[in-house]
Amino acid sequence: MASLGRHIIVEYYNCSSEILNDVVHIEKSMEGAAEDAGATIINSTFHHFSPYGVSGVVVIQESHLAIHTWPEYGYASVDIFTCGDTVNPWVAYQILKEKFEAGHGSAVELLRGEKALLKERDFDIKAMRDEKSSEEGSPIRTRDVWFTERDDKIALSLKHDGKLYDVQSDFQKVEVYKTQAYGNLLTLDGMVMTSEKDEYVYHEMITHIPTLTHPKPKRALVIGGGDGGTARELLRHDSYDEVVMVEIDDKVIEACKEHLPGIASAFDNPKLNLIVDDGIKYVKDAPDGSFDIVIVDSTDPVGPAEGLFTVEFYKEVYRILSDDGIMITQSESPRFNSKVFKEIYQVYRSIFGQDQVHCYLAYIPTYPTGMWSFSYSSKGKAHPLNDFNAEESKAFAKKHGLKYYNEGIHQAAFALPSFVAEMIS
Ligand code: SPD
């Protein structure tokens, strides 16, 4: 060979957008292409970016294959760099063209390290040899595949061992990843919703704070909450005669029943009335004063949840609350979604009254910035701290083996950092 290596710079156009956004498919294709081309794989690292795009590299003993995809353009750029005579990079080129269903591929080959221009140095090559690794024989192969939720400034990445569920529903992309740090993880349109290892923070805080400060809640309504965690926590309270849950997307329920069964554990409870329908419509049609607690367990204010962040919707929630009723919403991250955070508190106050709305915080590692907020809006007299009975809360938390909520957290959660208090003052 006239050079040390061959470098093919590849463009694939008019590929399948679905495939270019599927990190597992891309990883498998890149590894398969490397192996079929005759390479020995050492490591692969792949990231999926939210909402779309995949980057990754397969390190081979003979150099590397790297990719970046733009599903929105059906375009992938790939580098295939091989050294020595044993690997044919054009085999990898052809395989990837087929795997990505590319309408058109183009490539240029560069010779890297032209031997005519190189002069071998005179040095003790034996001294540079890593005796240990050469004794060990073939290199140990490792694999890194990452899910990444990001905006243009920050990102959260979780290493995973593959996707367990991947369905485009009528409303959103529903996926479950098997993450190494947080167990199975539900994402909707690429945004983290809940994970097996930290779900309890969100679900305990969104439910027990209102339930333990309402005089006697009998009927609760959950809008969204298709993973089942909110219903599971509410149904720990004997006071409820009925918990109605209105989830728009049956695929979310299906994914969680199959892959997050510890969260989706209350679907068979006879007190749960599960309705698969549009929560906005349900609230509009519900009679005045028909619920003691309404919990808006929504996704972020994009896609199907957008309408759950509007004045019209909250006015309807106010109407269907009983006299001492409480509305709880997940109110986003004060750091990450500061604009939405500020705006919705103004809206809540305009509907419920200036002193009737409170904010509380919890720490959820898989959500952007880890700092998450909830709103507590009271239609009547219920107050999150004045109506709180520490002994009762303590006994409840102990009886149910809760992992986050306790009588201390209940009170502390309402103590806001100054910058957060200022944002909603
Ligand atoms: N950015 C994350 C917001 C998620 C809020 N809902 C989570 C649903 C858990 N039941």
# chains A, B, ... in the order shown; residues from 1 in each chain; ligands from 1
$ closest_atom_pairs --of "chain A" --to "ligand 1" --cutoff "8 Å" --atoms "only C-alpha atoms and all ligand atoms" --output "JSON lines"
{"residue": "A:Met191", "atom": "CA", "partner": "ligand 1", "partner_atom_place_in_ligand_line": "1 (N)", "distance": 6.1}
{"residue": "A:Val192", "atom": "CA", "partner": "ligand 1", "partner_atom_place_in_ligand_line": "2 (C)", "distance": 5.6}
{"residue": "A:Met193", "atom": "CA", "partner": "ligand 1", "partner_atom_place_in_ligand_line": "7 (C)", "distance": 4.3}
{"residue": "A:Thr194", "atom": "CA", "partner": "ligand 1", "partner_atom_place_in_ligand_line": "9 (C)", "distance": 5.3}
{"residue": "A:Glu199", "atom": "CA", "partner": "ligand 1", "partner_atom_place_in_ligand_line": "9 (C)", "distance": 7.2}
{"residue": "A:Tyr202", "atom": "CA", "partner": "ligand 1", "partner_atom_place_in_ligand_line": "9 (C)", "distance": 6.8}
{"residue": "A:His203", "atom": "CA", "partner": "ligand 1", "partner_atom_place_in_ligand_line": "10 (N)", "distance": 6.5}
{"residue": "A:Gly224", "atom": "CA", "partner": "ligand 1", "partner_atom_place_in_ligand_line": "10 (N)", "distance": 7.7}
{"residue": "A:Gly225", "atom": "CA", "partner": "ligand 1", "partner_atom_place_in_ligand_line": "10 (N)", "distance": 4.6}
{"residue": "A:Gly226", "atom": "CA", "partner": "ligand 1", "partner_atom_place_in_ligand_line": "10 (N)", "distance": 6.8}
{"residue": "A:Asp227", "atom": "CA", "partner": "ligand 1", "partner_atom_place_in_ligand_line": "10 (N)", "distance": 5.7}
{"residue": "A:Gly228", "atom": "CA", "partner": "ligand 1", "partner_atom_place_in_ligand_line": "10 (N)", "distance": 6.8}
{"residue": "A:Gly229", "atom": "CA", "partner": "ligand 1", "partner_atom_place_in_ligand_line": "10 (N)", "distance": 5.7}
{"residue": "A:Thr230", "atom": "CA", "partner": "ligand 1", "partner_atom_place_in_ligand_line": "10 (N)", "distance": 6.2}
{"residue": "A:Asp297", "atom": "CA", "partner": "ligand 1", "partner_atom_place_in_ligand_line": "6 (N)", "distance": 5.4}
{"residue": "A:Ser298", "atom": "CA", "partner": "ligand 1", "partner_atom_place_in_ligand_line": "6 (N)", "distance": 4.9}
{"residue": "A:Thr299", "atom": "CA", "partner": "ligand 1", "partner_atom_place_in_ligand_line": "5 (C)", "distance": 4.5}
{"residue": "A:Asp300", "atom": "CA", "partner": "ligand 1", "partner_atom_place_in_ligand_line": "3 (C)", "distance": 5.2}
{"residue": "A:Gln330", "atom": "CA", "partner": "ligand 1", "partner_atom_place_in_ligand_line": "5 (C)", "distance": 6.2}
{"residue": "A:Glu332", "atom": "CA", "partner": "ligand 1", "partner_atom_place_in_ligand_line": "3 (C)", "distance": 6.5}
{"residue": "A:Ser333", "atom": "CA", "partner": "ligand 1", "partner_atom_place_in_ligand_line": "1 (N)", "distance": 8.0}
{"residue": "A:Tyr367", "atom": "CA", "partner": "ligand 1", "partner_atom_place_in_ligand_line": "1 (N)", "distance": 5.4}
{"residue": "A:Pro368", "atom": "CA", "partner": "ligand 1", "partner_atom_place_in_ligand_line": "1 (N)", "distance": 6.5}
$ residues_around --residues "stretch 38-43 of chain A" --least-positions-apart "6" --cutoff "8 Å" --atoms "only C-alpha atoms" --output "list of chain:residue names"
A:Glu31, A:Val58, A:Val59, A:Ile60, A:Gln61, A:Glu62, A:Thr86, A:Val87, A:Asn88, A:Pro139, A:Ile140, A:Arg141, A:Thr142, A:Arg143, A:Asp144
$ write_last_selection --atoms "C-alpha atoms" --output "JSON list (two decimals), in the first residue's frame"
[["chain", "number", "residue", "atom", "x", "y", "z"],
["A", 31, "GLU", "CA", -20.42, -1.87, 14.01],
["A", 58, "VAL", "CA", -16.57, 3.11, 16.39],
["A", 59, "VAL", "CA", -12.92, 2.84, 17.35],
["A", 60, "ILE", "CA", -11.34, -0.04, 15.50],
["A", 61, "GLN", "CA", -7.91, -1.53, 15.87],
["A", 62, "GLU", "CA", -7.26, -0.16, 12.38],
["A", 86, "THR", "CA", -6.65, -5.93, 5.99],
["A", 87, "VAL", "CA", -9.68, -3.65, 5.96],
["A", 88, "ASN", "CA", -11.52, -2.44, 2.89],
["A", 139, "PRO", "CA", -8.16, -5.88, 22.86],
["A", 140, "ILE", "CA", -11.14, -5.75, 25.23],
["A", 141, "ARG", "CA", -14.18, -4.44, 23.42],
["A", 142, "THR", "CA", -16.29, -1.82, 25.16],
["A", 143, "ARG", "CA", -19.50, -0.07, 24.22],
["A", 144, "ASP", "CA", -21.00, 3.31, 25.15]]
$ closest_residue --among "A:Ile344, A:Val24, A:Cys359, A:Ile295" --to "A:Asp161" --atoms "only C-alpha atoms"
A:Val24
$ select_by_dssp --residues "stretch 156-214 of chain A" --states "alpha helix (DSSP H)" --output "list in words"
Glu199, Tyr200, Val201, Tyr202, His203, Glu204, Met205, Ile206, Thr207, His208, Ile209, Pro210 and Thr211 of chain A
$ select_by_dssp --residues "stretch 186-408 of chain A" --states "strand (DSSP E)" --output "PyMOL selection string"
chain A and resi 186-188+191-195+219-224+242-247+272-276+291-297+321-330+357-363+371-378
$ residues_around --residues "A:Lys115" --least-positions-apart "2" --cutoff "6 Å" --atoms "only C-alpha atoms" --output "PyMOL selection string"
chain A and resi 2-3+117-118
$ write_last_selection --atoms "all heavy atoms" --output "short mmCIF file (atom, residue, chain, number, x, y, z; two decimals), in the first residue's frame"
data_model
loop_
_atom_site.label_atom_id
_atom_site.label_comp_id
_atom_site.auth_asym_id
_atom_site.auth_seq_id
_atom_site.Cartn_x
_atom_site.Cartn_y
_atom_site.Cartn_z
N ALA A 2 0.46 2.25 -0.79
CA ALA A 2 1.29 3.45 -0.92
C ALA A 2 1.14 4.42 0.25
O ALA A 2 1.81 5.44 0.31
CB ALA A 2 0.90 4.15 -2.22
N SER A 3 0.23 4.10 1.17
CA SER A 3 0.03 5.01 2.31
C SER A 3 -0.21 4.20 3.58
O SER A 3 -0.47 2.99 3.51
CB SER A 3 -1.20 5.90 2.05
OG SER A 3 -2.34 5.10 2.03
N LEU A 117 6.31 10.24 1.24
CA LEU A 117 6.66 11.47 1.97
C LEU A 117 7.14 11.18 3.39
O LEU A 117 7.45 12.09 4.15
CB LEU A 117 5.43 12.39 2.05
CG LEU A 117 4.86 12.82 0.71
CD1 LEU A 117 3.56 13.56 0.91
CD2 LEU A 117 5.86 13.70 -0.03
N LEU A 118 7.14 9.92 3.79
CA LEU A 118 7.50 9.58 5.17
C LEU A 118 8.88 8.95 5.22
O LEU A 118 9.28 8.25 4.29
CB LEU A 118 6.49 8.58 5.74
CG LEU A 118 5.05 9.05 5.85
CD1 LEU A 118 4.14 7.88 6.22
CD2 LEU A 118 4.93 10.15 6.89
#
$ closest_residue --among "A:Thr187, A:Ser44, A:Asn21, A:Ser373" --to "A:Ser338" --atoms "only C-alpha atoms"
A:Ser373
$ closest_residue --among "A:Val145, A:Lys97, A:Arg349, A:Tyr404" --to "A:Gly56" --atoms "only C-alpha atoms"
A:Val145
$ residues_around --residues "A:Leu321" --least-positions-apart "5" --cutoff "7 Å" --atoms "only C-alpha atoms" --output "PyMOL selection string"
chain A and resi 288-293
$ write_last_selection --atoms "C-alpha atoms" --output "tab-separated table (two decimals), in the first residue's frame"
chain	number	residue	atom	x	y	z
A	288	ASP	CA	-68.76	22.42	38.59
A	289	GLY	CA	-67.15	21.54	41.91
A	290	SER	CA	-66.75	17.86	41.06
A	291	PHE	CA	-63.16	17.26	42.27
A	292	ASP	CA	-61.34	17.97	45.53
A	293	ILE	CA	-57.90	17.63	44.00
$ closest_residue --among "A:Leu260, A:Val23, A:Val347, A:Ile280" --to "A:Val311" --atoms "only C-alpha atoms"
A:Val347
$ closest_residue --among "A:Lys173, A:His383, A:Lys394, A:Lys153" --to "A:Lys251" --atoms "only C-alpha atoms"
A:Lys173
$ residues_around --residues "A:Pro301" --least-positions-apart "3" --cutoff "10 Å" --atoms "only C-alpha atoms" --output "JSON, numbers by chain"
{"A": [298, 304, 305, 306, 307, 308, 309, 310, 331, 332, 337, 340]}
$ atom_distance --atom1 "atom CA of A:Ser425" --atom2 "atom CA of A:Gln346"
9.1 Å
$ closest_residue --among "A:Lys218, A:His47, A:Lys119, A:Arg112" --to "A:Arg150" --atoms "only C-alpha atoms"
A:His47
$ closest_atom_pairs --of "stretch 273-360 of chain A" --to "stretch 232-247 of chain A" --cutoff "9 Å" --atoms "only C-alpha atoms" --output "JSON lines"
{"residue": "A:Asn273", "atom": "CA", "partner": "A:Val244", "partner_atom": "CA", "distance": 4.6}
{"residue": "A:Leu274", "atom": "CA", "partner": "A:Met245", "partner_atom": "CA", "distance": 5.0}
{"residue": "A:Ile275", "atom": "CA", "partner": "A:Val246", "partner_atom": "CA", "distance": 4.8}
{"residue": "A:Val276", "atom": "CA", "partner": "A:Glu247", "partner_atom": "CA", "distance": 5.0}
{"residue": "A:Asp277", "atom": "CA", "partner": "A:Glu247", "partner_atom": "CA", "distance": 5.9}
{"residue": "A:Asp278", "atom": "CA", "partner": "A:Glu247", "partner_atom": "CA", "distance": 6.8}
{"residue": "A:Gly279", "atom": "CA", "partner": "A:Val246", "partner_atom": "CA", "distance": 5.5}
{"residue": "A:Tyr282", "atom": "CA", "partner": "A:Val246", "partner_atom": "CA", "distance": 7.5}
$ residues_around --residues "A:Phe147" --least-positions-apart "2" --cutoff "12 Å" --atoms "only C-alpha atoms" --output "NGL selection string"
:A and (21-24 or 45-56 or 144-145 or 149-150 or 155-163 or 175-181 or 185-187 or 190-192 or 366)
